[in-house]
Amino acid sequence: MSSITNAYETTSLEDSTVFLFESVGIKGTVVKVVLFQHVLGNLYNLAFGDFLDGGLNDKTVTNNNDVSSVLSTVAKCVSDFLEKHPGSRLRIRPVDERRRALYNFVIRSKIEEIKTNFEVFGVENGFKKPFDPKILFTEFELRHRVP
């Protein structure tokens with residue numbers, strides 16, 4: 001995803017499985033965390049949220065008026081993670097309906113750009129299938145496209 005614009009600068013930790021960055025907006029500066037949690041084999045879970053009380057809180061809604069920059073930064077972290085961990089699959093499970101709608105919208109609106117580098121799948125009713133913009137998926141899976 002070489003055309004990622006307006007992303008915040010990140011700090012990578014733990015062999016590029018943890019990324020930190022600062023969201024700057026109307027509510028001030030908020031530290032964000034992007035965490036790639038090993039699940040099984042080559043599958044990782046993407047967790048994302050505010051850094052609060054010494055850990056990740058993925059249920060907080062910051063409303064810092066910088067959603068475009070935050071999502072661009074998360075996309076950059078995903079790209080960096082998958083480049084450093086080739087062959088990995090990345091699962092994205094929204095924690096609530098609002099985020100589910102947002103993630104579906106973002107992937108739908110950027111699908112052509114995303115598909116240049118990644119295979120994108122959606123999960124609906126427990127079944128994984130290629131991403132279809134007409135479906136409101138409950139979770140997603142990404143992996144680098146094999147040349």
# chains A, B, ... in the order shown; residues from 1 in each chain; ligands from 1

$ select_by_dssp --residues "segment 101-142 of chain A" --states "helix (DSSP H, G or I)" --output "PyMOL selection string"
chain A and resi 101-115

$ write_last_selection --atoms "N, CA and C atoms" --output "short mmCIF file (atom, residue, chain, number, x, y, z; two decimals), in the first residue's frame"
data_model
loop_
_atom_site.label_atom_id
_atom_site.label_comp_id
_atom_site.auth_asym_id
_atom_site.auth_seq_id
_atom_site.Cartn_x
_atom_site.Cartn_y
_atom_site.Cartn_z
N ALA A 101 -19.14 -1.56 10.83
CA ALA A 101 -19.60 -0.75 9.69
C ALA A 101 -18.45 0.09 9.13
N LEU A 102 -17.64 0.67 10.01
CA LEU A 102 -16.51 1.49 9.58
C LEU A 102 -15.50 0.66 8.79
N TYR A 103 -15.12 -0.50 9.31
CA TYR A 103 -14.12 -1.34 8.63
C TYR A 103 -14.63 -1.83 7.28
N ASN A 104 -15.91 -2.20 7.21
CA ASN A 104 -16.49 -2.58 5.93
C ASN A 104 -16.44 -1.42 4.95
N PHE A 105 -16.79 -0.23 5.42
CA PHE A 105 -16.77 0.95 4.55
C PHE A 105 -15.36 1.25 4.06
N VAL A 106 -14.38 1.24 4.96
CA VAL A 106 -13.01 1.57 4.58
C VAL A 106 -12.47 0.54 3.58
N ILE A 107 -12.66 -0.74 3.87
CA ILE A 107 -12.17 -1.76 2.95
C ILE A 107 -12.89 -1.65 1.61
N ARG A 108 -14.19 -1.45 1.63
CA ARG A 108 -14.96 -1.30 0.39
C ARG A 108 -14.44 -0.12 -0.43
N SER A 109 -14.19 1.01 0.22
CA SER A 109 -13.78 2.21 -0.51
C SER A 109 -12.34 2.15 -1.00
N LYS A 110 -11.51 1.31 -0.38
CA LYS A 110 -10.10 1.20 -0.75
C LYS A 110 -9.74 -0.15 -1.37
N ILE A 111 -10.76 -0.95 -1.74
CA ILE A 111 -10.51 -2.34 -2.13
C ILE A 111 -9.57 -2.46 -3.33
N GLU A 112 -9.69 -1.61 -4.31
CA GLU A 112 -8.82 -1.73 -5.48
C GLU A 112 -7.37 -1.47 -5.11
N GLU A 113 -7.14 -0.49 -4.27
CA GLU A 113 -5.78 -0.20 -3.80
C GLU A 113 -5.26 -1.35 -2.93
N ILE A 114 -6.09 -1.84 -2.04
CA ILE A 114 -5.69 -2.92 -1.13
C ILE A 114 -5.35 -4.17 -1.93
N LYS A 115 -6.17 -4.49 -2.95
CA LYS A 115 -5.99 -5.72 -3.71
C LYS A 115 -4.72 -5.72 -4.55
#

$ residues_around --residues "segment 82-84 of chain A" --least-positions-apart "5" --cutoff "8 Å" --atoms "only C-alpha atoms" --output "list in words"
Ser16, Arg143 and His144 of chain A

$ write_last_selection --atoms "N, CA and C atoms" --output "PDB file, in the first residue's frame"
ATOM      1  N   SER A  16       8.280  -5.898  15.382  1.00  0.00           N
ATOM      2  CA  SER A  16       7.192  -5.345  14.561  1.00  0.00           C
ATOM      3  C   SER A  16       5.844  -6.006  14.818  1.00  0.00           C
ATOM      4  N   ARG A 143      -3.820 -11.134   3.570  1.00  0.00           N
ATOM      5  CA  ARG A 143      -2.501 -11.723   3.420  1.00  0.00           C
ATOM      6  C   ARG A 143      -1.886 -11.152   2.155  1.00  0.00           C
ATOM      7  N   HIS A 144      -0.556 -11.112   2.138  1.00  0.00           N
ATOM      8  CA  HIS A 144       0.138 -10.584   0.955  1.00  0.00           C
ATOM      9  C   HIS A 144      -0.253 -11.384  -0.261  1.00  0.00           C
TER      10      HIS A 144
END

$ residues_around --residues "Arg89 of chain A" --least-positions-apart "3" --cutoff "7 Å" --atoms "only C-alpha atoms" --output "ChimeraX atom specification"
/A:42-44,141-143

$ atom_distance --atom1 "atom CA of Thr5 of chain A" --atom2 "atom CA of Val70 of chain A"
10.7 Å

$ atom_distance --atom1 "atom CA of Phe121 of chain A" --atom2 "atom CA of Glu139 of chain A"
8.6 Å

$ closest_residue --among "A:Asn65, A:Asn6, A:Asn125, A:Thr73" --to "Lys32 of chain A" --atoms "only C-alpha atoms"
A:Thr73

$ residues_around --residues "Leu35 of chain A" --least-positions-apart "4" --cutoff "6 Å" --atoms "only C-alpha atoms" --output "list of chain:residue names"
A:Thr17, A:Val18, A:Leu46, A:Ala47

$ residues_around --residues "segment 22-25 of chain A" --least-positions-apart "3" --cutoff "12 Å" --atoms "only C-alpha atoms" --output "number ranges by chain"
A: 6-11, 19, 28-34, 49-51, 62-74

$ select_by_dssp --residues "segment 3-41 of chain A" --states "strand (DSSP E)" --output "list in words"
Thr11, Ser12, Leu13, Val18, Phe19, Leu20, Phe21, Glu22, Ser23, Val24, Gly25, Gly28, Thr29, Val30, Val31, Lys32, Val33, Val34, Leu35, Phe36, Gln37, His38, Val39 and Leu40 of chain A

$ write_last_selection --atoms "N, CA and C atoms" --output "PDB file, in the first residue's frame"
ATOM      1  N   THR A  11       6.270   4.037  16.075  1.00  0.00           N
ATOM      2  CA  THR A  11       7.403   3.370  16.702  1.00  0.00           C
ATOM      3  C   THR A  11       7.065   1.890  16.742  1.00  0.00           C
ATOM      4  N   SER A  12       7.977   1.057  16.246  1.00  0.00           N
ATOM      5  CA  SER A  12       7.760  -0.383  16.190  1.00  0.00           C
ATOM      6  C   SER A  12       8.527  -1.066  17.320  1.00  0.00           C
ATOM      7  N   LEU A  13       7.861  -1.999  18.003  1.00  0.00           N
ATOM      8  CA  LEU A  13       8.456  -2.757  19.098  1.00  0.00           C
ATOM      9  C   LEU A  13       8.224  -4.248  18.873  1.00  0.00           C
ATOM     10  N   VAL A  18       4.171  -4.816  17.677  1.00  0.00           N
ATOM     11  CA  VAL A  18       3.541  -3.730  18.421  1.00  0.00           C
ATOM     12  C   VAL A  18       3.991  -2.416  17.790  1.00  0.00           C
ATOM     13  N   PHE A  19       3.022  -1.567  17.489  1.00  0.00           N
ATOM     14  CA  PHE A  19       3.309  -0.238  16.947  1.00  0.00           C
ATOM     15  C   PHE A  19       2.607   0.796  17.824  1.00  0.00           C
ATOM     16  N   LEU A  20       3.306   1.876  18.103  1.00  0.00           N
ATOM     17  CA  LEU A  20       2.736   2.986  18.862  1.00  0.00           C
ATOM     18  C   LEU A  20       2.764   4.238  17.991  1.00  0.00           C
ATOM     19  N   PHE A  21       1.748   5.083  18.152  1.00  0.00           N
ATOM     20  CA  PHE A  21       1.755   6.386  17.498  1.00  0.00           C
ATOM     21  C   PHE A  21       0.862   7.331  18.279  1.00  0.00           C
ATOM     22  N   GLU A  22       0.991   8.605  17.978  1.00  0.00           N
ATOM     23  CA  GLU A  22       0.200   9.625  18.667  1.00  0.00           C
ATOM     24  C   GLU A  22      -0.831  10.214  17.725  1.00  0.00           C
ATOM     25  N   SER A  23      -2.081  10.143  18.134  1.00  0.00           N
ATOM     26  CA  SER A  23      -3.185  10.806  17.446  1.00  0.00           C
ATOM     27  C   SER A  23      -3.233  12.234  17.977  1.00  0.00           C
ATOM     28  N   VAL A  24      -3.245  13.194  17.071  1.00  0.00           N
ATOM     29  CA  VAL A  24      -3.262  14.599  17.477  1.00  0.00           C
ATOM     30  C   VAL A  24      -4.500  15.251  16.881  1.00  0.00           C
ATOM     31  N   GLY A  25      -5.349  15.802  17.758  1.00  0.00           N
ATOM     32  CA  GLY A  25      -6.578  16.409  17.269  1.00  0.00           C
ATOM     33  C   GLY A  25      -7.251  17.258  18.317  1.00  0.00           C
ATOM     34  N   GLY A  28      -6.621  16.694  21.935  1.00  0.00           N
ATOM     35  CA  GLY A  28      -5.221  16.686  22.356  1.00  0.00           C
ATOM     36  C   GLY A  28      -4.468  15.528  21.733  1.00  0.00           C
ATOM     37  N   THR A  29      -3.435  15.072  22.421  1.00  0.00           N
ATOM     38  CA  THR A  29      -2.604  13.971  21.938  1.00  0.00           C
ATOM     39  C   THR A  29      -2.990  12.693  22.669  1.00  0.00           C
ATOM     40  N   VAL A  30      -3.287  11.652  21.884  1.00  0.00           N
ATOM     41  CA  VAL A  30      -3.704  10.366  22.442  1.00  0.00           C
ATOM     42  C   VAL A  30      -2.782   9.294  21.866  1.00  0.00           C
ATOM     43  N   VAL A  31      -2.160   8.515  22.744  1.00  0.00           N
ATOM     44  CA  VAL A  31      -1.290   7.429  22.295  1.00  0.00           C
ATOM     45  C   VAL A  31      -2.162   6.255  21.854  1.00  0.00           C
ATOM     46  N   LYS A  32      -1.867   5.757  20.651  1.00  0.00           N
ATOM     47  CA  LYS A  32      -2.591   4.620  20.066  1.00  0.00           C
ATOM     48  C   LYS A  32      -1.652   3.425  19.968  1.00  0.00           C
ATOM     49  N   VAL A  33      -2.232   2.228  20.009  1.00  0.00           N
ATOM     50  CA  VAL A  33      -1.477   0.983  19.911  1.00  0.00           C
ATOM     51  C   VAL A  33      -2.072   0.131  18.796  1.00  0.00           C
ATOM     52  N   VAL A  34      -1.198  -0.425  17.963  1.00  0.00           N
ATOM     53  CA  VAL A  34      -1.587  -1.431  16.984  1.00  0.00           C
ATOM     54  C   VAL A  34      -0.810  -2.680  17.374  1.00  0.00           C
ATOM     55  N   LEU A  35      -1.533  -3.749  17.696  1.00  0.00           N
ATOM     56  CA  LEU A  35      -0.927  -4.968  18.231  1.00  0.00           C
ATOM     57  C   LEU A  35      -1.282  -6.148  17.338  1.00  0.00           C
ATOM     58  N   PHE A  36      -0.264  -6.916  16.968  1.00  0.00           N
ATOM     59  CA  PHE A  36      -0.451  -8.122  16.171  1.00  0.00           C
ATOM     60  C   PHE A  36      -0.212  -9.315  17.087  1.00  0.00           C
ATOM     61  N   GLN A  37      -1.297 -10.002  17.449  1.00  0.00           N
ATOM     62  CA  GLN A  37      -1.249 -11.102  18.409  1.00  0.00           C
ATOM     63  C   GLN A  37      -1.220 -12.431  17.669  1.00  0.00           C
ATOM     64  N   HIS A  38      -0.197 -13.250  17.961  1.00  0.00           N
ATOM     65  CA  HIS A  38      -0.100 -14.559  17.332  1.00  0.00           C
ATOM     66  C   HIS A  38      -1.248 -15.435  17.809  1.00  0.00           C
ATOM     67  N   VAL A  39      -1.948 -16.064  16.870  1.00  0.00           N
ATOM     68  CA  VAL A  39      -3.069 -16.928  17.207  1.00  0.00           C
ATOM     69  C   VAL A  39      -2.655 -18.391  17.063  1.00  0.00           C
ATOM     70  N   LEU A  40      -2.290 -18.784  15.848  1.00  0.00           N
ATOM     71  CA  LEU A  40      -1.941 -20.172  15.575  1.00  0.00           C
ATOM     72  C   LEU A  40      -1.276 -20.238  14.210  1.00  0.00           C
TER      73      LEU A  40
END
